[in-house]
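Q: Take a look at this one; I'll ask things after.
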Amino acid sequence: MAAGLTELSHDECLTLLRAHVVGRIAVVVNDFPAIFPVNYRMAETSGPVWLALRTRRGNVLDRASMRVGFEIDGIDVAAHQGWSVLVRGTLHRVDPDAADFRERFDPKPWITEDRDAWLVVDPFSITGRRLDAPVGEFEYNPEGYL
């Protein structure tokens, strides 16, 4: 069987987003894309779902345009398979003290110094794909011999 791409359901994408804490956010800087690793946390309420981020005031992300992309993924190099989730949305600044946002949705950045600009990605699209490895007549996995 040949390798193939499978679309992930919306619920599968949300499950993967909940299970991870590091992703990459893509913004446009001086007419060119720039991508930064960030800690994030799913901010879920009875209504919308957001991705909460913290950054330094005045840095590239704090000054970014509203349209952003955000991605997480998992890759198994030995098995030639993996998955990715892409969130496209708008970036908004939030008051962390409003509605207990700080206590409920702190993404707990690994670098905490001066991370006092709070942002959320408000998704308009959450999609994902899984790459399934090809299955041959004789499966050989080198990790089984190491």
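The way I read the labels, and the way they are meant: chains A, B, ... in the order of the structure tokens, residue 1 as the first residue of every chain, and ligand 1 as the first ligand shown, with later ones counted on from there.
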Env of A:Val85: 9 Å cut, atoms = only C-alpha atoms, seq-sep filter 5 positions within chain, self excluded. Answer as a list in words.

A: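 These residues fall inside the cut-off: Leu8, Cys13, Leu14, Leu16, Leu17, Phe70, Glu71, Ile72, Asp73, Ile126, Thr127, Gly128, Arg129 and Arg130 of chain A.
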
Q: Quick one: residues within 9 Å of A:Val94, only C-alpha atoms counted, chain neighbours fewer than 3 positions away excluded, as an mmCIF file with C-alpha atoms, in the first residue's frame?

A:
data_model
loop_
_atom_site.group_PDB
_atom_site.id
_atom_site.type_symbol
_atom_site.label_atom_id
_atom_site.label_comp_id
_atom_site.auth_asym_id
_atom_site.auth_seq_id
_atom_site.Cartn_x
_atom_site.Cartn_y
_atom_site.Cartn_z
ATOM 1 C CA ASP A 97 -6.907 40.478 34.045
ATOM 2 C CA ALA A 98 -10.258 40.470 32.245
ATOM 3 C CA PHE A 101 -7.859 35.145 31.689
ATOM 4 C CA ALA A 117 2.002 41.120 26.306
ATOM 5 C CA TRP A 118 -0.893 38.661 26.111
ATOM 6 C CA LEU A 119 -2.206 37.607 22.710
ATOM 7 C CA VAL A 120 -4.791 35.208 21.353
#

Q: Which residues, written as a list in words, have at least one atom at most 10 Å from A:Pro123, with only C-alpha atoms counted and residues fewer than 5 positions away on the same chain left out?

A: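 Residues near the query, excluding close chain neighbours: Pro48, Val49, Trp50, Leu51, Arg67, Val68, Gly69, Phe70, Leu86, Val87, Arg88, Gly89, Thr90 and Leu91 of chain A.
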
Q: Using only C-alpha atoms, which of A:Gly4, A:Gly74, A:Gly23, A:Gly82 sits nearest A:Pro107?

A: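 Checking each of A:Gly4, A:Gly74, A:Gly23, A:Gly82 against A:Pro107, counting only C-alpha atoms, the winner is A:Gly23.
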
Q: As a PyMOL selection string, list the residues of stretch 10-134 of chain A assigned to helix (DSSP H, G or I) by DSSP on the backbone atoms of this structure.

A: chain A and resi 10-19+98-105

Q: Within 9 Å of A:Asp132, counting only C-alpha atoms, which residues show up once you throw out same-chain ones fewer than 4 positions away? Write them as a JSON list (two decimals) with N, CA, C and O atoms, in the first residue's frame, please.

A:
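Contents of out14.json, freshly written:
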[["chain", "number", "residue", "atom", "x", "y", "z"],
["A", 2, "ALA", "N", 0.53, 2.24, -0.77],
["A", 2, "ALA", "CA", 1.32, 3.46, -0.89],
["A", 2, "ALA", "C", 1.04, 4.38, 0.30],
["A", 2, "ALA", "O", 0.00, 4.30, 0.95],
["A", 3, "ALA", "N", 2.01, 5.26, 0.56],
["A", 3, "ALA", "CA", 1.81, 6.27, 1.59],
["A", 3, "ALA", "C", 0.66, 7.17, 1.19],
["A", 3, "ALA", "O", 0.41, 7.39, 0.00],
["A", 4, "GLY", "N", -0.06, 7.69, 2.15],
["A", 4, "GLY", "CA", -1.18, 8.55, 1.82],
["A", 4, "GLY", "C", -1.45, 9.59, 2.88],
["A", 4, "GLY", "O", -1.07, 9.44, 4.04],
["A", 5, "LEU", "N", -2.10, 10.65, 2.45],
["A", 5, "LEU", "CA", -2.51, 11.72, 3.35],
["A", 5, "LEU", "C", -3.96, 11.52, 3.74],
["A", 5, "LEU", "O", -4.80, 11.22, 2.89],
["A", 6, "THR", "N", -4.24, 11.71, 5.01],
["A", 6, "THR", "CA", -5.59, 11.63, 5.53],
["A", 6, "THR", "C", -5.90, 12.93, 6.24],
["A", 6, "THR", "O", -5.09, 13.42, 7.02],
["A", 79, "ALA", "N", 9.67, 5.81, 10.69],
["A", 79, "ALA", "CA", 8.50, 5.18, 10.08],
["A", 79, "ALA", "C", 7.96, 5.94, 8.88],
["A", 79, "ALA", "O", 7.00, 5.50, 8.25],
["A", 80, "HIS", "N", 8.54, 7.11, 8.58],
["A", 80, "HIS", "CA", 8.09, 7.94, 7.45],
["A", 80, "HIS", "C", 6.62, 8.32, 7.59],
["A", 80, "HIS", "O", 5.85, 8.23, 6.64],
["A", 81, "GLN", "N", 6.26, 8.77, 8.77],
["A", 81, "GLN", "CA", 4.87, 9.20, 8.97],
["A", 81, "GLN", "C", 4.83, 10.38, 9.92],
["A", 81, "GLN", "O", 5.81, 10.68, 10.60],
["A", 82, "GLY", "N", 3.71, 11.04, 9.95],
["A", 82, "GLY", "CA", 3.57, 12.19, 10.83],
["A", 82, "GLY", "C", 2.21, 12.85, 10.67],
["A", 82, "GLY", "O", 1.34, 12.35, 9.95],
["A", 83, "TRP", "N", 2.06, 13.96, 11.34],
["A", 83, "TRP", "CA", 0.80, 14.72, 11.28],
["A", 83, "TRP", "C", 1.11, 16.20, 11.46],
["A", 83, "TRP", "O", 2.18, 16.56, 11.96]]

Q: Hey, what's within 12 Å of A:Arg63 if we count only C-alpha atoms and toss same-chain stuff fewer than 2 positions away? As a PyMOL selection string, please?

A: chain A and resi 27-30+55-61+65-67+91-93+117-119

Q: Selected residues, C-alpha atoms, written as an mmCIF file, in the first residue's frame, please.

A:
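Full text of out-v6.cif as output:
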data_model
loop_
_atom_site.group_PDB
_atom_site.id
_atom_site.type_symbol
_atom_site.label_atom_id
_atom_site.label_comp_id
_atom_site.auth_asym_id
_atom_site.auth_seq_id
_atom_site.Cartn_x
_atom_site.Cartn_y
_atom_site.Cartn_z
ATOM 1 C CA VAL A 27 3.473 36.481 10.712
ATOM 2 C CA VAL A 28 4.429 38.893 7.947
ATOM 3 C CA VAL A 29 7.340 41.233 8.726
ATOM 4 C CA ASN A 30 8.376 43.803 6.106
ATOM 5 C CA THR A 55 5.404 37.688 24.487
ATOM 6 C CA ARG A 56 7.466 40.779 25.224
ATOM 7 C CA ARG A 57 5.795 44.146 24.716
ATOM 8 C CA GLY A 58 6.844 45.814 21.491
ATOM 9 C CA ASN A 59 8.557 42.781 19.933
ATOM 10 C CA VAL A 60 7.783 41.343 16.489
ATOM 11 C CA LEU A 61 4.780 39.316 17.638
ATOM 12 C CA SER A 65 -0.415 42.156 11.670
ATOM 13 C CA MET A 66 -3.691 40.558 12.579
ATOM 14 C CA ARG A 67 -3.541 37.694 10.063
ATOM 15 C CA LEU A 91 -4.181 37.860 16.312
ATOM 16 C CA HIS A 92 -5.658 39.983 19.097
ATOM 17 C CA ARG A 93 -4.183 41.634 22.166
ATOM 18 C CA ALA A 117 2.002 41.120 26.306
ATOM 19 C CA TRP A 118 -0.893 38.661 26.111
ATOM 20 C CA LEU A 119 -2.206 37.607 22.710
#

Q: Compile the contact shell of A:Val21 as a list of chain:residue names: residues with an atom at most 8 Å away, counting only C-alpha atoms, same-chain residues fewer than 6 positions apart removed.

A: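 Listed by chain and then number, they are A:Asn39, A:Tyr40, A:Arg41, A:Pro107.
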
Q: Any chance you can output those residues with C-alpha atoms as a compact mmCIF listing (two decimals), in the first residue's frame?

A:
# COMPACT_ATOMS: atom_id res chain seq x y z
CA ASN A 39 4.53 28.32 24.00
CA TYR A 40 0.76 28.33 23.76
CA ARG A 41 -2.32 27.09 25.55
CA PRO A 107 0.45 29.46 28.39
